[in-house]
$ cat final_12.txt   # compact mmCIF, C-alpha atoms and all ligand atoms
# COMPACT_ATOMS: atom_id res chain seq x y z
CA MET C 184 0.00 0.00 0.00
CA PRO C 185 1.44 3.45 -0.88
CA ASN C 186 2.50 5.58 2.12
CA THR C 187 -0.24 8.16 1.61
CA MET C 188 -2.80 5.38 1.93
CA LYS C 189 -1.15 3.97 5.07
CA HIS C 190 -1.35 7.44 6.55
CA ILE C 191 -5.06 7.79 5.68
CA LYS C 192 -5.77 4.33 7.03
CA ASN C 193 -4.10 5.19 10.36
CA LYS C 194 -6.02 8.44 10.54
CA ILE C 195 -9.41 6.77 10.03
CA GLU C 196 -8.53 3.99 12.44
CA THR C 197 -7.60 6.53 15.11
CA ILE C 198 -10.83 8.46 14.61
CA PHE C 199 -12.80 5.23 14.92
CA PHE C 200 -10.95 4.37 18.12
CA GLN C 201 -11.60 7.80 19.63
CA LYS C 202 -15.29 7.68 18.81
CA PHE C 203 -16.20 4.04 19.22
CA GLY C 204 -13.27 2.01 20.60
CA THR C 205 -11.84 -1.05 18.90
CA HIS C 206 -13.08 -1.90 15.42
CA GLU C 207 -14.13 -5.39 14.36
CA ILE C 208 -13.57 -4.96 10.66
CA MET C 209 -11.72 -2.76 8.18
CA ILE C 210 -12.47 -2.65 4.46
CA PHE C 211 -10.51 -0.80 1.79
CA ALA C 212 -12.64 0.07 -1.25
CA PRO C 213 -10.55 1.46 -4.13
CA GLY C 214 -11.65 3.90 -6.81
CA ARG C 215 -11.62 2.79 -10.42
CA ALA C 216 -10.08 3.99 -13.64
CA ASN C 217 -11.29 2.83 -17.02
CA ILE C 218 -8.89 2.45 -19.92
CA ILE C 219 -11.65 2.28 -22.50
CA GLY C 220 -15.29 1.16 -22.89
CA GLU C 221 -17.39 4.09 -21.70
CA HIS C 222 -21.20 3.98 -21.56
CA THR C 223 -21.01 0.42 -22.83
CA ASP C 224 -21.71 -1.41 -19.55
CA TYR C 225 -25.46 -0.70 -19.43
CA ASN C 226 -25.59 -1.65 -23.12
CA ASN C 227 -24.34 -5.17 -22.31
CA GLY C 228 -20.97 -4.28 -23.83
CA PHE C 229 -17.27 -4.52 -22.99
CA VAL C 230 -15.27 -2.42 -20.52
CA LEU C 231 -11.57 -2.41 -19.55
CA PRO C 232 -11.25 -0.87 -16.07
CA PHE C 233 -8.86 -1.34 -13.17
CA ALA C 234 -8.96 -0.42 -9.49
CA ILE C 235 -6.61 2.36 -8.37
CA SER C 236 -4.67 2.76 -5.15
CA GLN C 237 -6.71 5.79 -4.02
CA GLY C 238 -9.87 4.80 -2.20
CA VAL C 239 -12.01 4.75 0.90
CA PHE C 240 -11.36 3.00 4.22
CA LEU C 241 -14.35 1.85 6.25
CA PHE C 242 -13.88 0.81 9.88
CA ALA C 243 -16.80 -0.69 11.77
CA SER C 244 -18.05 -2.76 14.65
CA LYS C 245 -21.47 -3.97 15.82
CA ASN C 246 -22.96 -1.86 18.58
CA ASN C 247 -25.70 -4.17 19.93
CA THR C 248 -28.46 -1.65 19.26
CA ASN C 249 -30.61 -1.21 16.16
CA ILE C 250 -28.97 2.10 15.32
CA PHE C 251 -26.49 2.79 12.52
CA ASN C 252 -24.00 5.48 13.57
CA ILE C 253 -21.97 6.63 10.59
CA TYR C 254 -19.25 9.27 10.63
CA ALA C 255 -17.75 10.79 7.48
CA ALA C 256 -14.20 11.62 8.52
CA ASP C 257 -13.42 13.81 5.50
CA THR C 258 -16.32 16.19 5.98
CA ASN C 259 -16.77 15.77 9.72
CA GLU C 260 -20.42 14.86 9.30
CA PHE C 261 -22.35 12.37 11.33
CA THR C 262 -25.56 10.49 10.73
CA SER C 263 -27.48 8.18 12.96
CA PHE C 264 -30.53 6.23 11.86
CA ASN C 265 -32.40 3.02 12.46
CA LEU C 266 -33.31 0.66 9.65
CA ASP C 267 -36.79 2.17 9.20
CA ALA C 268 -35.27 5.54 8.39
CA ALA C 269 -33.21 3.96 5.63
CA TYR C 270 -36.48 3.52 3.78
CA ILE C 271 -37.25 7.21 3.89
CA PHE C 272 -34.11 9.28 3.30
CA ASN C 273 -32.35 9.59 -0.02
CA TYR C 274 -29.96 12.51 0.07
CA GLY C 275 -26.28 13.41 0.47
CA TRP C 276 -23.66 10.71 1.06
CA GLU C 277 -26.03 9.06 3.52
CA LYS C 278 -28.14 7.79 0.66
CA TYR C 279 -25.38 5.37 -0.37
CA PHE C 280 -25.60 3.67 3.03
CA HIS C 281 -29.39 3.75 3.07
CA GLN C 282 -29.66 2.38 -0.45
CA SER C 283 -27.15 -0.39 0.28
CA LEU C 284 -29.28 -1.54 3.21
CA LEU C 285 -32.39 -1.41 1.06
CA ALA C 286 -30.70 -3.40 -1.69
CA LEU C 287 -29.75 -6.11 0.80
CA ASN C 288 -33.35 -6.27 1.93
CA VAL C 289 -32.56 -8.73 4.70
CA ASN C 290 -33.47 -8.70 8.30
CA GLY C 291 -31.06 -9.76 10.91
CA PHE C 292 -28.86 -6.69 10.98
CA ALA C 293 -28.01 -5.19 14.26
CA GLY C 294 -26.78 -1.63 14.40
CA ILE C 295 -23.16 -0.75 13.74
CA ASN C 296 -20.74 2.08 14.31
CA LEU C 297 -18.82 3.04 11.21
CA VAL C 298 -16.22 5.62 10.24
CA PHE C 299 -15.20 6.11 6.62
CA GLY C 300 -12.85 8.39 4.74
CA GLY C 301 -10.24 8.43 2.03
CA ASN C 302 -8.92 10.35 -0.92
CA LEU C 303 -11.35 9.87 -3.79
CA PRO C 304 -12.50 13.21 -5.12
CA ILE C 305 -16.30 13.31 -5.31
CA GLY C 306 -17.95 13.73 -8.71
CA ALA C 307 -14.67 13.17 -10.55
CA GLY C 308 -15.76 10.04 -12.39
CA ILE C 309 -13.55 7.71 -10.38
CA SER C 310 -16.39 6.06 -8.48
CA SER C 311 -16.33 7.56 -5.03
CA SER C 312 -19.99 6.60 -4.58
CA SER C 313 -19.51 3.00 -5.78
CA ALA C 314 -16.54 2.66 -3.43
CA ILE C 315 -18.90 3.47 -0.55
CA THR C 316 -21.75 1.18 -1.63
CA SER C 317 -19.44 -1.69 -2.57
CA GLY C 318 -17.31 -1.26 0.55
CA PHE C 319 -20.36 -1.10 2.82
CA ILE C 320 -21.99 -4.17 1.28
CA VAL C 321 -18.82 -6.27 1.53
CA LEU C 322 -18.42 -5.05 5.10
CA LEU C 323 -21.97 -6.04 6.09
CA ASN C 324 -21.55 -9.39 4.36
CA ALA C 325 -18.49 -10.15 6.47
CA LEU C 326 -19.73 -8.67 9.75
CA PHE C 327 -23.13 -10.41 9.68
CA ASN C 328 -22.10 -13.57 7.81
CA LEU C 329 -24.63 -12.93 5.06
CA GLY C 330 -23.02 -15.53 2.82
CA MET C 331 -23.14 -13.53 -0.42
CA ASP C 332 -20.67 -14.38 -3.16
CA ALA C 333 -18.78 -11.73 -5.15
CA ALA C 334 -21.33 -11.67 -8.00
CA THR C 335 -24.24 -11.10 -5.61
CA MET C 336 -22.39 -8.30 -3.84
CA VAL C 337 -21.65 -6.62 -7.20
CA ASP C 338 -25.34 -6.82 -8.08
CA LYS C 339 -26.44 -5.46 -4.71
CA ALA C 340 -23.95 -2.58 -4.83
CA SER C 341 -25.12 -1.77 -8.31
CA GLU C 342 -28.75 -1.86 -7.19
CA ALA C 343 -27.88 0.55 -4.37
CA GLU C 344 -26.38 2.94 -6.88
CA VAL C 345 -29.46 2.77 -9.09
CA GLY C 346 -31.59 3.38 -6.00
CA SER C 347 -29.63 6.55 -5.35
CA GLY C 348 -30.67 7.92 -8.73
CA VAL C 349 -28.16 6.90 -11.44
CA ARG C 350 -29.20 4.05 -13.70
CA GLY C 351 -25.59 2.93 -14.12
CA GLY C 352 -24.17 -0.41 -15.19
CA ILE C 353 -21.97 -2.72 -13.15
CA MET C 354 -18.50 -1.66 -14.26
CA ASP C 355 -17.62 0.31 -11.14
CA GLN C 356 -18.82 -2.15 -8.53
CA PHE C 357 -17.37 -5.12 -10.38
CA THR C 358 -13.96 -3.46 -10.60
CA ILE C 359 -13.92 -2.22 -7.04
CA ILE C 360 -14.78 -5.67 -5.70
CA ASN C 361 -12.83 -7.98 -8.02
CA SER C 362 -9.69 -6.19 -9.23
CA VAL C 363 -6.24 -7.71 -9.02
CA GLN C 364 -3.23 -5.40 -8.87
CA ASN C 365 -1.28 -5.01 -12.14
CA ASN C 366 -4.26 -6.16 -14.16
CA ALA C 367 -7.15 -4.54 -15.93
CA ILE C 368 -10.42 -6.44 -16.24
CA LEU C 369 -11.93 -7.19 -19.61
CA LEU C 370 -15.53 -7.48 -18.50
CA ASP C 371 -18.28 -8.63 -20.81
CA CYS C 372 -21.38 -6.99 -19.34
CA ARG C 373 -23.66 -9.29 -21.33
CA ASP C 374 -23.02 -12.25 -19.02
CA ASN C 375 -20.48 -10.75 -16.59
CA SER C 376 -17.76 -13.11 -17.77
CA PHE C 377 -14.32 -11.56 -17.42
CA GLN C 378 -10.60 -11.98 -17.93
CA TYR C 379 -7.74 -10.28 -16.19
CA ILE C 380 -5.50 -8.50 -18.71
CA GLU C 381 -1.99 -7.93 -17.45
CA LEU C 382 -1.01 -4.26 -17.31
CA HIS C 383 2.61 -4.43 -18.40
CA LEU C 384 3.03 -0.87 -19.60
CA GLU C 385 6.86 -0.82 -19.90
CA ASP C 386 7.83 2.83 -19.40
CA ASN C 387 4.31 4.10 -20.08
CA ASN C 388 1.88 5.23 -17.40
CA PHE C 389 -1.69 6.27 -16.98
CA PHE C 390 -2.53 9.45 -15.11
CA LEU C 391 -5.71 11.42 -14.59
CA ILE C 392 -6.39 15.12 -14.86
CA ASN C 393 -9.39 16.31 -12.90
CA THR C 394 -11.19 19.22 -14.56
CA ASN C 395 -12.53 20.02 -11.09
CA VAL C 396 -15.84 20.62 -12.74
CA LYS C 397 -18.16 18.90 -10.30
CA HIS C 398 -20.80 16.79 -11.82
CA SER C 399 -23.59 14.86 -10.31
CA LEU C 400 -24.64 12.10 -12.65
CA VAL C 401 -28.19 12.26 -11.35
CA HIS C 402 -28.51 15.84 -12.47
CA THR C 403 -27.09 15.28 -15.89
CA ASP C 404 -28.12 13.48 -18.99
CA TYR C 405 -26.66 10.14 -17.91
CA ASN C 406 -30.06 8.53 -17.44
CA ASN C 407 -31.26 10.11 -20.69
CA ARG C 408 -28.44 8.45 -22.59
CA ARG C 409 -29.47 5.10 -21.24
CA ALA C 410 -33.08 5.81 -22.19
CA GLU C 411 -32.00 6.83 -25.71
CA CYS C 412 -30.12 3.55 -26.11
CA GLU C 413 -33.18 1.61 -24.95
CA LYS C 414 -35.35 3.53 -27.39
CA ALA C 415 -32.93 2.74 -30.21
CA VAL C 416 -32.98 -0.97 -29.31
CA GLY C 417 -36.79 -0.87 -29.44
CA LEU C 418 -36.77 0.67 -32.91
CA ILE C 419 -34.01 -1.55 -34.26
CA SER C 420 -35.56 -4.76 -32.95
CA ARG C 421 -38.69 -4.20 -35.06
CA ASP C 422 -36.59 -5.17 -38.09
CA TYR C 423 -33.77 -7.09 -36.44
CA LYS C 424 -35.58 -9.61 -34.29
CA ASN C 425 -32.50 -10.97 -32.57
CA ILE C 426 -31.32 -7.61 -31.22
CA GLY C 427 -31.86 -7.43 -27.46
CA SER C 428 -29.27 -4.73 -26.73
CA LEU C 429 -26.81 -2.55 -28.63
CA ARG C 430 -24.19 -5.17 -27.89
CA ASP C 431 -25.86 -7.47 -30.41
CA LEU C 432 -24.98 -5.11 -33.26
CA SER C 433 -21.71 -5.12 -35.14
CA LEU C 434 -19.94 -2.49 -37.20
CA SER C 435 -21.29 -3.98 -40.42
CA ASP C 436 -24.91 -3.42 -39.26
CA LEU C 437 -24.43 0.32 -38.96
CA PRO C 438 -24.98 1.41 -42.60
CA SER C 439 -28.40 -0.24 -42.83
CA ILE C 440 -29.45 0.98 -39.37
CA SER C 441 -28.53 4.55 -40.30
CA LEU C 442 -31.39 4.48 -42.81
CA PHE C 443 -34.15 4.35 -40.24
CA LEU C 444 -32.78 6.03 -37.10
CA GLU C 445 -32.82 9.79 -36.77
CA ASP C 446 -29.31 11.30 -36.62
CA LYS C 447 -29.08 11.80 -32.88
CA LEU C 448 -30.13 8.26 -32.06
CA PHE C 449 -27.90 6.83 -34.76
CA ASN C 450 -24.94 8.70 -33.29
CA ARG C 451 -25.59 7.16 -29.88
CA VAL C 452 -25.86 3.70 -31.40
CA SER C 453 -22.79 3.96 -33.61
CA PHE C 454 -20.73 5.27 -30.69
CA VAL C 455 -21.62 2.25 -28.53
CA VAL C 456 -20.98 -0.26 -31.32
CA GLU C 457 -17.64 1.37 -32.18
CA GLU C 458 -16.63 1.66 -28.53
CA ASN C 459 -17.25 -2.06 -27.96
CA ASN C 460 -15.01 -2.77 -30.90
CA ARG C 461 -12.35 -0.38 -29.55
CA VAL C 462 -12.25 -2.23 -26.22
CA LEU C 463 -11.32 -5.46 -27.98
CA LEU C 464 -8.72 -3.64 -30.10
CA ALA C 465 -7.30 -2.07 -26.93
CA VAL C 466 -6.89 -5.48 -25.32
CA LYS C 467 -5.04 -6.66 -28.40
CA ALA C 468 -2.84 -3.54 -28.35
CA LEU C 469 -2.04 -4.09 -24.66
CA LYS C 470 -1.17 -7.74 -25.21
CA GLU C 471 1.10 -6.82 -28.12
CA ASN C 472 2.72 -3.85 -26.32
CA GLN C 473 1.37 -1.48 -29.01
CA TYR C 474 1.11 1.65 -26.86
CA THR C 475 0.83 4.13 -29.72
CA LYS C 476 -2.10 2.12 -31.03
CA LEU C 477 -3.65 2.03 -27.56
CA GLY C 478 -3.27 5.81 -27.29
CA ALA C 479 -4.94 6.30 -30.68
CA LEU C 480 -7.90 4.21 -29.48
CA LEU C 481 -8.25 6.46 -26.42
CA ASN C 482 -8.34 9.50 -28.69
CA GLU C 483 -10.98 7.93 -30.93
CA SER C 484 -13.02 7.06 -27.87
CA HIS C 485 -12.98 10.68 -26.73
CA ASP C 486 -13.95 11.89 -30.14
CA GLY C 487 -17.01 9.61 -30.09
CA LEU C 488 -17.92 10.49 -26.49
CA SER C 489 -17.74 14.16 -27.32
CA HIS C 490 -19.34 14.30 -30.77
CA LYS C 491 -21.59 11.27 -31.02
CA TYR C 492 -22.55 10.41 -27.45
CA ASP C 493 -22.48 14.01 -26.29
CA VAL C 494 -21.33 13.42 -22.71
CA SER C 495 -18.20 15.58 -22.68
CA CYS C 496 -17.96 19.26 -21.72
CA GLU C 497 -15.83 22.23 -22.68
CA GLU C 498 -13.24 21.65 -19.95
CA LEU C 499 -12.78 17.97 -20.84
CA ASP C 500 -12.49 18.71 -24.56
CA TRP C 501 -10.01 21.48 -23.83
CA LEU C 502 -7.84 19.18 -21.67
CA VAL C 503 -7.83 16.39 -24.24
CA LYS C 504 -6.83 18.76 -27.00
CA TYR C 505 -4.19 20.41 -24.80
CA THR C 506 -2.59 17.15 -23.71
CA LEU C 507 -2.42 15.84 -27.24
CA ASP C 508 -0.12 18.71 -28.19
CA TYR C 509 2.40 17.25 -25.73
CA GLU C 510 4.34 14.72 -27.78
CA ILE C 511 4.91 12.16 -24.99
CA ILE C 512 1.16 11.81 -24.37
CA LEU C 513 0.03 8.88 -26.48
CA GLY C 514 -3.69 9.22 -25.89
CA SER C 515 -6.27 11.04 -23.81
CA ARG C 516 -10.00 10.86 -23.25
CA MET C 517 -12.70 11.71 -20.75
CA MET C 518 -13.32 8.92 -18.26
CA GLY C 519 -16.47 7.76 -16.47
CA GLY C 520 -19.97 9.15 -16.88
CA GLY C 521 -18.76 12.49 -18.24
CA PHE C 522 -20.12 16.07 -18.06
CA GLY C 523 -17.04 16.93 -15.96
CA GLY C 524 -14.68 14.82 -13.90
CA CYS C 525 -11.37 13.48 -15.17
CA THR C 526 -9.50 12.67 -18.33
CA ILE C 527 -7.36 9.52 -18.44
CA ASN C 528 -4.06 9.93 -20.23
CA LEU C 529 -1.50 7.43 -21.47
CA ILE C 530 1.98 8.91 -21.32
CA LYS C 531 5.44 7.69 -22.18
CA GLY C 532 7.28 8.36 -18.90
CA TYR C 533 5.91 11.09 -16.64
CA PRO C 534 4.64 14.61 -17.23
CA ASP C 535 7.37 17.20 -16.87
CA LYS C 536 7.09 19.84 -14.09
CA ASN C 537 7.24 22.72 -16.53
CA TRP C 538 4.50 21.23 -18.64
CA ILE C 539 2.30 20.82 -15.57
CA ALA C 540 2.96 24.43 -14.53
CA LYS C 541 2.03 25.69 -17.98
CA LEU C 542 -1.09 23.50 -18.08
CA ASN C 543 -2.17 24.90 -14.69
CA ASN C 544 -1.68 28.46 -15.92
CA ASP C 545 -3.38 28.01 -19.24
CA TYR C 546 -6.33 26.14 -17.73
CA PHE C 547 -6.72 28.79 -15.05
CA GLU C 548 -6.63 31.55 -17.62
CA ARG C 549 -9.30 29.82 -19.66
CA PHE C 550 -11.63 28.53 -16.93
CA GLY C 551 -10.77 30.41 -13.72
CA LEU C 552 -9.94 27.27 -11.73
CA TYR C 553 -7.03 24.84 -11.55
CA PRO C 554 -7.04 21.24 -12.76
CA THR C 555 -5.55 18.49 -10.58
CA ILE C 556 -3.05 15.96 -11.86
CA ILE C 557 -3.69 12.55 -10.30
CA PRO C 558 -1.01 9.87 -10.78
CA ILE C 559 -2.60 6.41 -10.64
CA GLN C 560 -1.40 2.89 -10.02
CA SER C 561 -3.43 -0.27 -10.24
CA SER C 562 -4.61 -1.84 -7.01
CA ASN C 563 -6.33 -4.92 -5.66
CA GLY C 564 -10.09 -4.78 -5.32
CA ILE C 565 -11.84 -5.18 -1.97
CA LEU C 566 -11.83 -8.98 -1.98
CA ASN C 567 -8.15 -9.24 -2.91
CA PHE C 568 -6.91 -6.50 -0.62
CA LYS C 569 -4.37 -7.61 1.96
C1 LIG C 601 -20.59 5.71 -14.47
C2 LIG C 601 -21.45 4.48 -14.20
C3 LIG C 601 -20.88 3.25 -14.91
C4 LIG C 601 -20.62 3.51 -16.39
C5 LIG C 601 -19.84 4.82 -16.57
C6 LIG C 601 -19.71 5.21 -18.02
O1 LIG C 601 -19.33 5.55 -13.89
O2 LIG C 601 -21.52 4.21 -12.82
O3 LIG C 601 -21.73 2.16 -14.73
O4 LIG C 601 -21.81 3.53 -17.09
O5 LIG C 601 -20.45 5.91 -15.87
O6 LIG C 601 -18.96 4.27 -18.70

$ encode --input "final_12.txt" --output "structure tokens" --more "lines below"
Ligand code: GLA
Amino acid sequence: MPNTMKHIKNKIETIFFQKFGTHEIMIFAPGRANIIGEHTDYNNGFVLPFAISQGVFLFASKNNTNIFNIYAADTNEFTSFNLDAAYIFNYGWEKYFHQSLLALNVNGFAGINLVFGGNLPIGAGISSSSAITSGFIVLLNALFNLGMDAATMVDKASEAEVGSGVRGGIMDQFTIINSVQNNAILLDCRDNSFQYIELHLEDNNFFLINTNVKHSLVHTDYNNRRAECEKAVGLISRDYKNIGSLRDLSLSDLPSISLFLEDKLFNRVSFVVEENNRVLLAVKALKENQYTKLGALLNESHDGLSHKYDVSCEELDWLVKYTLDYEIILGSRMMGGGFGGCTINLIKGYPDKNWIAKLNNDYFERFGLYPTIIPIQSSNGILNFK
């Protein structure tokens, strides 16, 4: 575990001790990066994410009451509720705990004391909310011997997220729970089959740049995009009987489909079909150490996300364009749900200090706020964390 994380872990553990005494369980829930395969998960498609070393620690113990006492160490906020209240409230960070309990829909919980905190920026597209729901569900499973397997916990965490307002797929929860350090996961969201793909990047690295434009997926068009894809499937399946999701289409179907879908809907569809194809090409590029090719796929992905799927924003587009003028950056694209958040960048080596200083200046001049560079390393998911 990197030193920063050890430090955070100690801090949260100390806070727990001061407030509640000795903990019974500690869970580390990492954030996730995604190399490629955006907005494909809820279309039964492919994704290629990995867990990162930044994340959230949750410390807890049973308290022999029916009350859940939860303290958010980073914001110094406290909530206390009994199970009945979990059915009523759906706001703030508390909703992730409430919705997780609702998703589990089991009796037999006693109350617990819990302290959580970490270093995942909120609304940056690196799954701070899924880290909480996934971490909490794995924690409850262990503390109360609920006997759920990994797949069930992924489903429950995903259900909790949907309950909190975003009709997302399962990429984030799957990655956070199942990742293995030094590997990405090629996940087929049609049947949740997956393979670990070794991340041997030689002297190349991934890093993120946070636009620091806060987004809340609930308040954006994320759910609309999903609805548009569902609408397109409905229209397409009138003529193509065997099409149950956009995943069932291939590149060669696109010309004929373009004839009967209006432009906007066709753009959404062609992006998803092309993005699925790019994920498979990216896996091939990774296996063959073709980093320039991998970078080009990232760039193509951004182009589609921005122009066809329409989930980028000015700051993200600006950053992608800016980074691509830097010759050692092989590829760049927005990552996650979009409308703000981070770009993921593939770089040969590391960004130079002077380049970072100039980027900070230029971004500030343009947008009146600073971006944040976030170096990332792959990490184990919750179940493989030691
Ligand atoms: C969010 C969702 C994921 C996925 C991405 C976009 O992170 O939680 O399920 O849809 O957006 O790829």

$ residues_around --input "final_12.txt" --residues "Gly521 of chain C" --least-positions-apart "6" --cutoff "10 Å" --atoms "all atoms listed in the file" --output "list of chain:residue names"
C:Glu221, C:His222, C:Gly306, C:Ala307, C:Gly308, C:His398, C:Ser399, C:Leu400, C:Thr403, C:Asp404, C:Tyr405, C:Leu488, C:Ser489, C:Asp493, C:Val494, C:Ser495, C:Cys496, C:Leu499

$ closest_atom_pairs --input "final_12.txt" --of "chain C" --to "ligand LIG 601 (chain C)" --cutoff "9 Å" --atoms "only C-alpha atoms and all ligand atoms" --output "tab-separated table"
residue	atom	partner	partner_atom	distance
C:Arg215	CA	C:LIG601	O1	8.9
C:Asn217	CA	C:LIG601	O6	8.0
C:Ile219	CA	C:LIG601	O6	8.5
C:Gly220	CA	C:LIG601	O6	6.4
C:Glu221	CA	C:LIG601	O6	3.4
C:His222	CA	C:LIG601	O6	3.6
C:Thr223	CA	C:LIG601	O6	6.0
C:Asp224	CA	C:LIG601	O4	5.5
C:Tyr225	CA	C:LIG601	O4	6.1
C:Asn226	CA	C:LIG601	O4	8.8
C:Val230	CA	C:LIG601	O6	7.9
C:Gly308	CA	C:LIG601	O1	5.9
C:Ile309	CA	C:LIG601	O1	7.1
C:Ser310	CA	C:LIG601	O1	6.2
C:Ser312	CA	C:LIG601	O2	8.7
C:Ser313	CA	C:LIG601	O2	7.4
C:Ser341	CA	C:LIG601	O3	8.3
C:Glu344	CA	C:LIG601	O2	7.8
C:Val345	CA	C:LIG601	O2	8.9
C:Val349	CA	C:LIG601	O2	7.3
C:Arg350	CA	C:LIG601	O2	7.7
C:Gly351	CA	C:LIG601	O3	4.0
C:Gly352	CA	C:LIG601	O3	3.6
C:Ile353	CA	C:LIG601	O3	5.1
C:Met354	CA	C:LIG601	O3	5.0
C:Asp355	CA	C:LIG601	O3	5.8
C:Gln356	CA	C:LIG601	O3	8.1
C:Leu400	CA	C:LIG601	C1	7.8
C:Tyr405	CA	C:LIG601	O5	7.8
C:Arg409	CA	C:LIG601	O4	8.9
C:Met518	CA	C:LIG601	O6	7.3
C:Gly519	CA	C:LIG601	C6	4.4
C:Gly520	CA	C:LIG601	O5	3.4
C:Gly521	CA	C:LIG601	O5	7.2

$ write_last_selection --input "final_12.txt" --atoms "C-alpha atoms" --output "mmCIF file, in the frame of the given file"
data_model
loop_
_atom_site.group_PDB
_atom_site.id
_atom_site.type_symbol
_atom_site.label_atom_id
_atom_site.label_comp_id
_atom_site.auth_asym_id
_atom_site.auth_seq_id
_atom_site.Cartn_x
_atom_site.Cartn_y
_atom_site.Cartn_z
ATOM 1 C CA ARG C 215 -11.620 2.790 -10.420
ATOM 2 C CA ASN C 217 -11.290 2.830 -17.020
ATOM 3 C CA ILE C 219 -11.650 2.280 -22.500
ATOM 4 C CA GLY C 220 -15.290 1.160 -22.890
ATOM 5 C CA GLU C 221 -17.390 4.090 -21.700
ATOM 6 C CA HIS C 222 -21.200 3.980 -21.560
ATOM 7 C CA THR C 223 -21.010 0.420 -22.830
ATOM 8 C CA ASP C 224 -21.710 -1.410 -19.550
ATOM 9 C CA TYR C 225 -25.460 -0.700 -19.430
ATOM 10 C CA ASN C 226 -25.590 -1.650 -23.120
ATOM 11 C CA VAL C 230 -15.270 -2.420 -20.520
ATOM 12 C CA GLY C 308 -15.760 10.040 -12.390
ATOM 13 C CA ILE C 309 -13.550 7.710 -10.380
ATOM 14 C CA SER C 310 -16.390 6.060 -8.480
ATOM 15 C CA SER C 312 -19.990 6.600 -4.580
ATOM 16 C CA SER C 313 -19.510 3.000 -5.780
ATOM 17 C CA SER C 341 -25.120 -1.770 -8.310
ATOM 18 C CA GLU C 344 -26.380 2.940 -6.880
ATOM 19 C CA VAL C 345 -29.460 2.770 -9.090
ATOM 20 C CA VAL C 349 -28.160 6.900 -11.440
ATOM 21 C CA ARG C 350 -29.200 4.050 -13.700
ATOM 22 C CA GLY C 351 -25.590 2.930 -14.120
ATOM 23 C CA GLY C 352 -24.170 -0.410 -15.190
ATOM 24 C CA ILE C 353 -21.970 -2.720 -13.150
ATOM 25 C CA MET C 354 -18.500 -1.660 -14.260
ATOM 26 C CA ASP C 355 -17.620 0.310 -11.140
ATOM 27 C CA GLN C 356 -18.820 -2.150 -8.530
ATOM 28 C CA LEU C 400 -24.640 12.100 -12.650
ATOM 29 C CA TYR C 405 -26.660 10.140 -17.910
ATOM 30 C CA ARG C 409 -29.470 5.100 -21.240
ATOM 31 C CA MET C 518 -13.320 8.920 -18.260
ATOM 32 C CA GLY C 519 -16.470 7.760 -16.470
ATOM 33 C CA GLY C 520 -19.970 9.150 -16.880
ATOM 34 C CA GLY C 521 -18.760 12.490 -18.240
#

$ closest_atom_pairs --input "final_12.txt" --of "segment 351-415 of chain C" --to "segment 523-546 of chain C" --cutoff "9 Å" --atoms "all atoms listed in the file" --output "Markdown table"
| residue | atom | partner | partner_atom | distance |
| --- | --- | --- | --- | --- |
| C:Glu385 | CA | C:Lys531 | CA | 8.9 |
| C:Asp386 | CA | C:Gly532 | CA | 5.6 |
| C:Asn387 | CA | C:Lys531 | CA | 4.3 |
| C:Asn388 | CA | C:Ile530 | CA | 5.4 |
| C:Phe389 | CA | C:Leu529 | CA | 4.6 |
| C:Phe390 | CA | C:Asn528 | CA | 5.4 |
| C:Leu391 | CA | C:Ile527 | CA | 4.6 |
| C:Ile392 | CA | C:Cys525 | CA | 5.3 |
| C:Asn393 | CA | C:Cys525 | CA | 4.1 |
| C:Thr394 | CA | C:Gly524 | CA | 5.7 |
| C:Asn395 | CA | C:Gly524 | CA | 6.3 |
| C:Val396 | CA | C:Gly523 | CA | 5.0 |
| C:Lys397 | CA | C:Gly523 | CA | 6.1 |
| C:His398 | CA | C:Gly523 | CA | 5.6 |
| C:Ser399 | CA | C:Gly523 | CA | 8.9 |

$ atom_distance --input "final_12.txt" --atom1 "atom CA of Ser420 of chain C" --atom2 "atom CA of Arg408 of chain C"
18.2 Å

$ atom_distance --input "final_12.txt" --atom1 "atom CA of Val239 of chain C" --atom2 "atom CA of Gly214 of chain C"
7.8 Å

$ residues_around --input "final_12.txt" --residues "segment 197-204 of chain C" --least-positions-apart "4" --cutoff "7 Å" --atoms "all atoms listed in the file" --output "PyMOL selection string"
chain C and resi 193+242+296+298

$ atom_distance --input "final_12.txt" --atom1 "atom CA of Leu326 of chain C" --atom2 "atom CA of Lys339 of chain C"
16.3 Å

$ closest_residue --input "final_12.txt" --among "C:Ser376, C:Asn407, C:Asn259, C:Ser347" --to "Tyr492 of chain C" --atoms "only C-alpha atoms"
C:Asn407

$ closest_residue --input "final_12.txt" --among "C:Gln237, C:Asn324, C:Asn375, C:Asn247" --to "Gly294 of chain C" --atoms "all atoms listed in the file"
C:Asn247

$ closest_residue --input "final_12.txt" --among "C:Leu284, C:Ala234, C:Leu444, C:Leu384" --to "Ala367 of chain C" --atoms "all atoms listed in the file"
C:Ala234

$ residues_near_point --input "final_12.txt" --point "(-24.3, -4.4, -30.3)" --cutoff "8 Å" --atoms "only C-alpha atoms" --output "number ranges by chain"
C: 226, 228, 426, 428-433, 455-456, 459

$ closest_residue --input "final_12.txt" --among "C:Ile511, C:Met517, C:Leu266, C:Leu480" --to "Glu497 of chain C" --atoms "only C-alpha atoms"
C:Met517

$ closest_residue --input "final_12.txt" --among "C:Pro304, C:Gly427, C:Gly318, C:Gly417" --to "Arg373 of chain C" --atoms "all atoms listed in the file"
C:Gly427

$ residues_around --input "final_12.txt" --residues "segment 557-567 of chain C" --least-positions-apart "6" --cutoff "7 Å" --atoms "only C-alpha atoms" --output "VMD selection string"
chain C and resid 210 to 213 233 to 236 358 to 365 389 to 392
